[in-house]
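Trainee: Let me give you the structure first, and then I'll get to my questions.
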Amino acid sequence: MALRTQSVFPGRLTWVEFDSRVLQGNPWNDPTRRRFPVWLPEGYDLPGNVQRYPVFYGLAGYFGSGPSQVNWQPFNETVPERVARLIHCGVMGPVILVFPDCFTRLGGNQYVNSSALGAYGDYLSHEVVPFIDAAFRTLATRDHRGVFGKSSGGYGALFQAMQAPDCWGGVVSHAGDAGFDLVYRGDWPNTLDVLARFRPAAAEGTLEQQARAQALAQGLDDGRVASFLAAVCPLDRPSSAETHALMNLGMAATYDPDPAAPNGFRLPFHPETGELLPERWAHWQACDPVHAVSPHASTLRRLKCLFLDCGWRDQYHLHYGVRQLSAALTRARVPHLHEEFDGTHSGIDFRLDRSLPYLYAALKP
């Protein structure tokens, strides 16, 4: 009996290296030279073949990266294996797949520019895309270029379309981060509990304690965040609570960067009282796709397709956020397809069988 579903359909996985200019000097000294996989469809290497292909970019979720999307999986297909099957079965035509590496020391990326993480939005649209178009036989226009992703990757796909409209013609967002009031707020008390273990000591009534209290009320780190990051980043196996805390700090670095602040970003909650800091939370809400639709409506209307879905049992409550996003798109008269299915946030790669043929139909030659 076979131990897993193994695709036997042809295609070729290759690896490329690119040294970024825009990531130079990034705050965490993450590597600028990245090696990542590119999948080429059957027939690409045939002698005399000069055909050019649509190209799809796959953005990984938080704590993932491009290479993770081509790794062996038990009882499942890799993304290239899945696409090879869909092409072989005639569900979609041949495409080139690109899986960029945007991992950071904070565990991941939302694929946007941030002074606290790096210019990963520009890295994708201004550097990786031209590099791939020069290296492979792509149809090098937005009308034949799509971006897809799950969770943080789905969020990144949406914001890539908003911020680089001349680059992307189609977007697929599976359970992309949206509706921040429901998605993030409930988990921050757990993060504050983790950070409390690294609270610096100060004698009561001292000027040091008063200054620290004032800093905390402004979303500034009193040392606990820096101490936590110094402790957790070298760990081989951080706990679930620690990884969620690291992710929430990564979101803070994305949504509320401040070069003048400790660590380069501010926190949205008071670490001692757990109170939401309205001025800081306003920065997060401006980055929420639900609120970003209106100022980017005309840009989003240019897309040839926009596909959204989410499992209606998503443990991060993203099905509510995606519903809110769909409603905002409808109000803004942005054409899109919104679907739900019986599932959670985990194990939803099977939905690519639905979304990628839809993306191909919109972007095919």
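Labeling convention for the structure tokens: chains A, B, ... as they appear, residues from 1 per chain, ligands from 1 in order of appearance.
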Which parts of region 159-252 of chain A does DSSP call strand (DSSP E or B) when run on the backbone here, written out as a list in words?

Mentor: Gly170, Val171, Val172, Ser173 and His174 of chain A

Trainee: Give me the residues within 7 Å of Pro100 (chain A) as an mmCIF file with C-alpha atoms, in the first residue's frame, counting only C-alpha atoms and dropping any in the same chain fewer than 4 places off.

Mentor:
```cif
data_model
loop_
_atom_site.group_PDB
_atom_site.id
_atom_site.type_symbol
_atom_site.label_atom_id
_atom_site.label_comp_id
_atom_site.auth_asym_id
_atom_site.auth_seq_id
_atom_site.Cartn_x
_atom_site.Cartn_y
_atom_site.Cartn_z
ATOM 1 C CA PHE A 36 14.445 29.553 -4.203
ATOM 2 C CA LEU A 59 3.596 33.118 -1.284
ATOM 3 C CA GLY A 66 9.226 29.308 -0.889
#
```

Trainee: Ranking A:Pro289, A:Pro27, A:Gly223, A:Gly176 by minimum distance to Ser114 (chain A) and counting only C-alpha atoms, which one comes first?

Mentor: A:Pro27

Trainee: If I take CA of Leu337 (chain A) and CA of Phe307 (chain A), how far is one from the other in Å, to one decimal?

Mentor: 4.9 Å

Trainee: Need to verify the contact set: Ser152 (chain A), 6 Å, only C-alpha atoms, exclusion of same-chain residues closer than 2 positions in sequence. Can you return it as a compact mmCIF listing (two decimals) with all heavy atoms, in the first residue's frame?

Mentor:
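Below is the file selection02.txt, written as the result:
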```txt
# COMPACT_ATOMS: atom_id res chain seq x y z
N GLY A 61 2.72 30.96 3.87
CA GLY A 61 2.19 31.52 5.10
C GLY A 61 3.30 31.82 6.10
O GLY A 61 4.47 31.49 5.87
N TYR A 62 2.93 32.44 7.21
CA TYR A 62 3.92 32.78 8.23
C TYR A 62 4.59 31.51 8.75
O TYR A 62 3.95 30.46 8.88
CB TYR A 62 3.26 33.54 9.39
CG TYR A 62 4.16 34.57 10.00
CD1 TYR A 62 4.35 35.81 9.41
CD2 TYR A 62 4.87 34.30 11.17
CE1 TYR A 62 5.20 36.76 9.95
CE2 TYR A 62 5.72 35.24 11.73
CZ TYR A 62 5.88 36.46 11.12
OH TYR A 62 6.74 37.40 11.67
N GLN A 110 4.75 39.47 5.63
CA GLN A 110 3.46 39.81 5.04
C GLN A 110 3.63 40.35 3.62
O GLN A 110 2.67 40.81 3.02
CB GLN A 110 2.72 40.84 5.91
CG GLN A 110 2.38 40.38 7.33
CD GLN A 110 1.42 39.22 7.35
OE1 GLN A 110 1.83 38.06 7.31
NE2 GLN A 110 0.13 39.51 7.42
N GLY A 154 -1.71 34.84 1.56
CA GLY A 154 -2.92 35.39 0.96
C GLY A 154 -3.02 36.88 1.20
O GLY A 154 -3.43 37.65 0.31
N TYR A 155 -2.64 37.31 2.41
CA TYR A 155 -2.59 38.75 2.70
C TYR A 155 -1.61 39.44 1.77
O TYR A 155 -1.90 40.47 1.16
CB TYR A 155 -2.18 38.97 4.15
CG TYR A 155 -2.00 40.43 4.52
CD1 TYR A 155 -3.03 41.15 5.09
CD2 TYR A 155 -0.79 41.08 4.30
CE1 TYR A 155 -2.88 42.49 5.42
CE2 TYR A 155 -0.62 42.42 4.63
CZ TYR A 155 -1.66 43.12 5.19
OH TYR A 155 -1.50 44.44 5.51
N GLY A 176 -6.64 34.56 3.71
CA GLY A 176 -5.73 35.68 3.92
C GLY A 176 -6.13 36.51 5.12
O GLY A 176 -7.31 36.68 5.42
```

Trainee: Given the choices A:Phe63, A:Phe56, A:Phe269, A:Tyr123, which gets closest to Asn109 (chain A) if the distance is worked out from only C-alpha atoms?

Mentor: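 Among the listed residues, A:Phe63 lies closest to Asn109 (chain A).
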